[in-house]
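Asks: What follows is a single structure, and I will ask about it in a moment.
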Amino acid sequence: MATLDNVFVLDFSTLLPGPMATLLLADAGATVVKIERPGQGDEMRNYQPQIDGTSVNFALLNRAKRSIAIDLKSPDAKAQLRPLLEKADIIVEQFRPGVMQRLGLGYDDVRAINPNIIYCSITGWGQTGPKALEAGHDLNYMAETGVLGLTVGADGAPCLPQILAADIAGGAYPAMINILLALIHRDRTGEGAQIDVAMGENLFPFIYWALGNARALGRWPVPGRETVTGGTPRYDIYRTRDGRHIAAAPLEDKFWATFTRIIGLPEELRDDAKAPAATRAAVAKLVAERDASDWMDAFAGHDVCCSLVASLEEALQDPHWNARSVFERAVGTPAGTVATIPSLIAPAFRAEAVEAAFPGLGEANQQLA
């Protein structure tokens, strides 16, 4: 039996943060029912790429869920949903603050029907505060929390992030964590909970080191000058002779000593505290004199914390992931099965089904009958 086998979730969310959170709940065995708009459903159903009319993004994020299509603005929507609201353990929604209340489905409305409900709202800025009603996306949250300003290129301009950290690490993961805590709390006290997940503020822990320096010492981080932003030769990316790149992170002295010995860095430059810029330039020059494969052969068997910067295609060919069954779970599509998102749920707590389908729009509407 999976850990959340007896848990029932109503998912009013769309796109990424909420659906990722409820995917994790489904992976742990919960029954998840998506509440979608008739006709269109979740906007992500229309996202590219598509396989035989099915959005790959939607299929990956909504594996093992059910779907009910209902117009939430309809006068009888709440009455239709009432049987599901009465038995739900968890509700996840990510409308702007006030929308669910106007629909008669806010926390207080649902709690009047189901006092034990765990009600999780995911927004960019939270349910309160001056920004609460502002629209935003991942890039906006990174920009306005200072995260984006710490990631700059050679010209000093911020670099466009290639990961959706706010949506997933700032939204979906905190939602999942707090929902699980609320379930434990309810088991102990019999009380439900209202959870306010704000993606923007949940990015601040990722720059904890900068916050610590600023708050305790009054020293604000400078892009390109801090330990993890390019301020040390021990944590940087170096170009090789064949145009590849080595991600070098020999931060500790024992790793740095081995790394500098292997690349042949002159003794007088190995104390990088004296002249870090000179040391970095020398390391870059040495690394650029050999191909990436030569360096990886030289580093093999040594603790140097150096990696080849791989393409995604190369990364997926790494036998390590197969050895750990990282991509063993699959989602069924009209064109066959597709390896799904690696689950964060430990195998001991997961639902048993390795393969599961995604829901057709409204395929579970009979549950409203």
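By convention in this document, the chains of the structure tokens carry letters A, B, ... by their order, each chain's residues are numbered from 1, and ligands are numbered from 1 in the order they are shown.
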Write out as a PyMOL selection string all residues of range 216-280 of chain A that backbone DSSP assigns to helix (DSSP H, G or I).
Replies: chain A and resi 216-217+253-263+267-269+276-280
Asks: Skipping near chain neighbours, those fewer than 4 positions away, what residues fall within 8 Å of Asp196 in chain A using only C-alpha atoms, listed as a VMD selection string?
Replies: chain A and resid 120 to 123 126 to 127
Asks: Write a file of the selected residues as a compact mmCIF listing (two decimals), in the first residue's frame, keeping C-alpha atoms.
Replies:
# COMPACT_ATOMS: atom_id res chain seq x y z
CA CYS A 120 -3.36 24.85 -0.21
CA SER A 121 -3.17 28.02 -2.30
CA ILE A 122 -0.15 28.58 -4.56
CA THR A 123 0.51 32.09 -5.89
CA GLY A 126 1.13 35.12 -1.46
CA GLN A 127 -2.41 35.81 -0.29
Asks: Compile the contact shell of range 28-38 of chain A as a CSV table (one decimal) with N, CA and C atoms, in the first residue's frame: residues with an atom at most 6 Å away, counting only C-alpha atoms, same-chain residues fewer than 5 positions apart removed.
Replies:
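Final output, selection.csv:
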chain,number,residue,atom,x,y,z
A,2,ALA,N,0.6,2.2,-0.9
A,2,ALA,CA,1.3,3.4,-1.0
A,2,ALA,C,0.9,4.3,0.2
A,3,THR,N,1.8,5.2,0.6
A,3,THR,CA,1.6,6.0,1.8
A,3,THR,C,0.3,6.8,1.8
A,4,LEU,N,-0.1,7.4,0.7
A,4,LEU,CA,-1.3,8.2,0.6
A,4,LEU,C,-2.5,7.6,-0.1
A,5,ASP,N,-2.6,6.2,0.0
A,5,ASP,CA,-3.6,5.5,-0.7
A,5,ASP,C,-5.0,6.0,-0.3
A,7,VAL,N,-6.0,9.0,0.6
A,7,VAL,CA,-6.1,10.5,0.5
A,7,VAL,C,-6.7,10.9,-0.8
A,8,PHE,N,-7.7,11.8,-0.7
A,8,PHE,CA,-8.4,12.3,-1.9
A,8,PHE,C,-8.1,13.8,-2.1
A,9,VAL,N,-7.7,14.1,-3.3
A,9,VAL,CA,-7.3,15.5,-3.6
A,9,VAL,C,-8.1,16.1,-4.7
A,10,LEU,N,-8.6,17.3,-4.5
A,10,LEU,CA,-9.2,18.0,-5.6
A,10,LEU,C,-8.2,19.1,-6.0
A,11,ASP,N,-7.9,19.1,-7.3
A,11,ASP,CA,-6.9,19.9,-7.9
A,11,ASP,C,-7.5,20.9,-8.8
A,12,PHE,N,-7.6,22.2,-8.4
A,12,PHE,CA,-8.1,23.3,-9.2
A,12,PHE,C,-7.0,24.0,-9.9
A,65,LYS,N,-3.9,10.9,-12.8
A,65,LYS,CA,-5.0,11.7,-12.2
A,65,LYS,C,-6.3,11.5,-13.0
A,66,ARG,N,-7.4,12.0,-12.4
A,66,ARG,CA,-8.7,12.0,-13.1
A,66,ARG,C,-9.1,13.4,-13.5
A,67,SER,N,-10.1,13.6,-14.3
A,67,SER,CA,-10.5,14.9,-14.7
A,67,SER,C,-12.0,15.1,-14.7
A,68,ILE,N,-12.4,16.2,-14.1
A,68,ILE,CA,-13.8,16.6,-14.1
A,68,ILE,C,-13.9,17.9,-14.8
A,69,ALA,N,-14.8,18.1,-15.8
A,69,ALA,CA,-14.9,19.3,-16.5
A,69,ALA,C,-16.2,20.0,-16.0
A,70,ILE,N,-16.1,21.2,-15.4
A,70,ILE,CA,-17.2,21.9,-14.8
A,70,ILE,C,-16.9,23.4,-14.9
A,71,ASP,N,-18.0,24.2,-15.2
A,71,ASP,CA,-17.9,25.6,-15.2
A,71,ASP,C,-18.0,26.1,-13.8
A,349,PHE,N,7.5,4.6,-0.6
A,349,PHE,CA,6.2,5.3,-0.3
A,349,PHE,C,5.4,5.5,-1.6
A,350,ARG,N,5.9,5.0,-2.7
A,350,ARG,CA,5.2,5.3,-4.0
A,350,ARG,C,4.0,4.3,-4.2
A,351,ALA,N,3.1,4.8,-5.1
A,351,ALA,CA,2.1,3.9,-5.7
A,351,ALA,C,2.9,2.8,-6.5
Asks: Here is a test: counting only C-alpha atoms, which residue of A:Pro266, A:Pro17, A:Pro83, A:Gly146 is nearest to Pro221 in chain A?
Replies: A:Gly146
Asks: Output as CSV one row per residue of range 272-299 of chain A within 7 Å of range 238-253 of chain A: the closest atom pair and its distance in Å to one decimal place, counting only C-alpha atoms, sorted by chain and residue number ascending.
Replies:
residue,atom,partner,partner_atom,distance
A:Ala284,CA,A:Tyr238,CA,5.8
A:Val287,CA,A:Thr240,CA,5.5
A:Ala288,CA,A:Thr240,CA,4.2
A:Glu289,CA,A:Arg241,CA,5.4
A:Arg290,CA,A:Arg241,CA,5.1
A:Asp291,CA,A:Arg241,CA,4.9
A:Ala292,CA,A:Thr240,CA,5.6
Asks: Can you tell me, as a list in words, what residues are no more than 10 Å from Ala143 in chain A when counting only C-alpha atoms, ignoring any on the same chain fewer than 5 positions away?
Replies: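 Contacts, in chain order: Asp138, Leu148, Gly149, Leu150, Pro158 and Gly200 of chain A.
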Asks: Nearest to Ala79 in chain A: which of A:Pro161, A:Gly224, A:Gly98, A:Gly104 is it, counting only C-alpha atoms?
Replies: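 Ranking A:Pro161, A:Gly224, A:Gly98, A:Gly104 by distance to Ala79 in chain A, first place goes to A:Gly104.
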Asks: Enter the distance from CA of Ile184 in chain A to CA of Ala132 in chain A, in Å, rounded to one decimal.
Replies: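 If I compute the distance from CA of Ile184 in chain A to CA of Ala132 in chain A, I get 28.7 Å.
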Asks: For range 334-341 of chain A, please output as an NGL selection string all residues within 8 Å (counting only C-alpha atoms; exclusion window: fewer than 5 positions along the same chain).
Replies: :A and (51-52 or 54 or 60-61 or 327-329 or 355)
Asks: Write the selection just made, keeping N, CA and C atoms, as a PDB file, in the first residue's frame?
Replies:
ATOM      1  N   ILE A  51       1.841  14.937 -29.161  1.00  0.00           N
ATOM      2  CA  ILE A  51       1.882  13.608 -29.773  1.00  0.00           C
ATOM      3  C   ILE A  51       0.452  13.198 -30.056  1.00  0.00           C
ATOM      4  N   ASP A  52       0.097  13.113 -31.322  1.00  0.00           N
ATOM      5  CA  ASP A  52      -1.264  12.744 -31.714  1.00  0.00           C
ATOM      6  C   ASP A  52      -2.308  13.569 -30.968  1.00  0.00           C
ATOM      7  N   THR A  54      -1.942  15.226 -28.187  1.00  0.00           N
ATOM      8  CA  THR A  54      -1.751  15.257 -26.735  1.00  0.00           C
ATOM      9  C   THR A  54      -0.504  16.054 -26.397  1.00  0.00           C
ATOM     10  N   LEU A  60       2.914  14.535 -18.916  1.00  0.00           N
ATOM     11  CA  LEU A  60       3.929  14.298 -17.890  1.00  0.00           C
ATOM     12  C   LEU A  60       3.469  14.783 -16.519  1.00  0.00           C
ATOM     13  N   LEU A  61       2.805  15.930 -16.479  1.00  0.00           N
ATOM     14  CA  LEU A  61       2.437  16.534 -15.199  1.00  0.00           C
ATOM     15  C   LEU A  61       1.141  15.988 -14.614  1.00  0.00           C
ATOM     16  N   PHE A 327      14.325   6.724 -14.408  1.00  0.00           N
ATOM     17  CA  PHE A 327      13.310   6.969 -15.434  1.00  0.00           C
ATOM     18  C   PHE A 327      12.459   5.727 -15.718  1.00  0.00           C
ATOM     19  N   GLU A 328      12.254   4.894 -14.713  1.00  0.00           N
ATOM     20  CA  GLU A 328      11.503   3.657 -14.949  1.00  0.00           C
ATOM     21  C   GLU A 328      10.001   3.894 -15.070  1.00  0.00           C
ATOM     22  N   ARG A 329       9.487   4.979 -14.483  1.00  0.00           N
ATOM     23  CA  ARG A 329       8.055   5.224 -14.517  1.00  0.00           C
ATOM     24  C   ARG A 329       7.672   5.879 -15.840  1.00  0.00           C
ATOM     25  N   GLU A 355       3.478   2.260 -14.800  1.00  0.00           N
ATOM     26  CA  GLU A 355       2.900   2.975 -15.935  1.00  0.00           C
ATOM     27  C   GLU A 355       1.490   3.425 -15.583  1.00  0.00           C
TER      28      GLU A 355
END
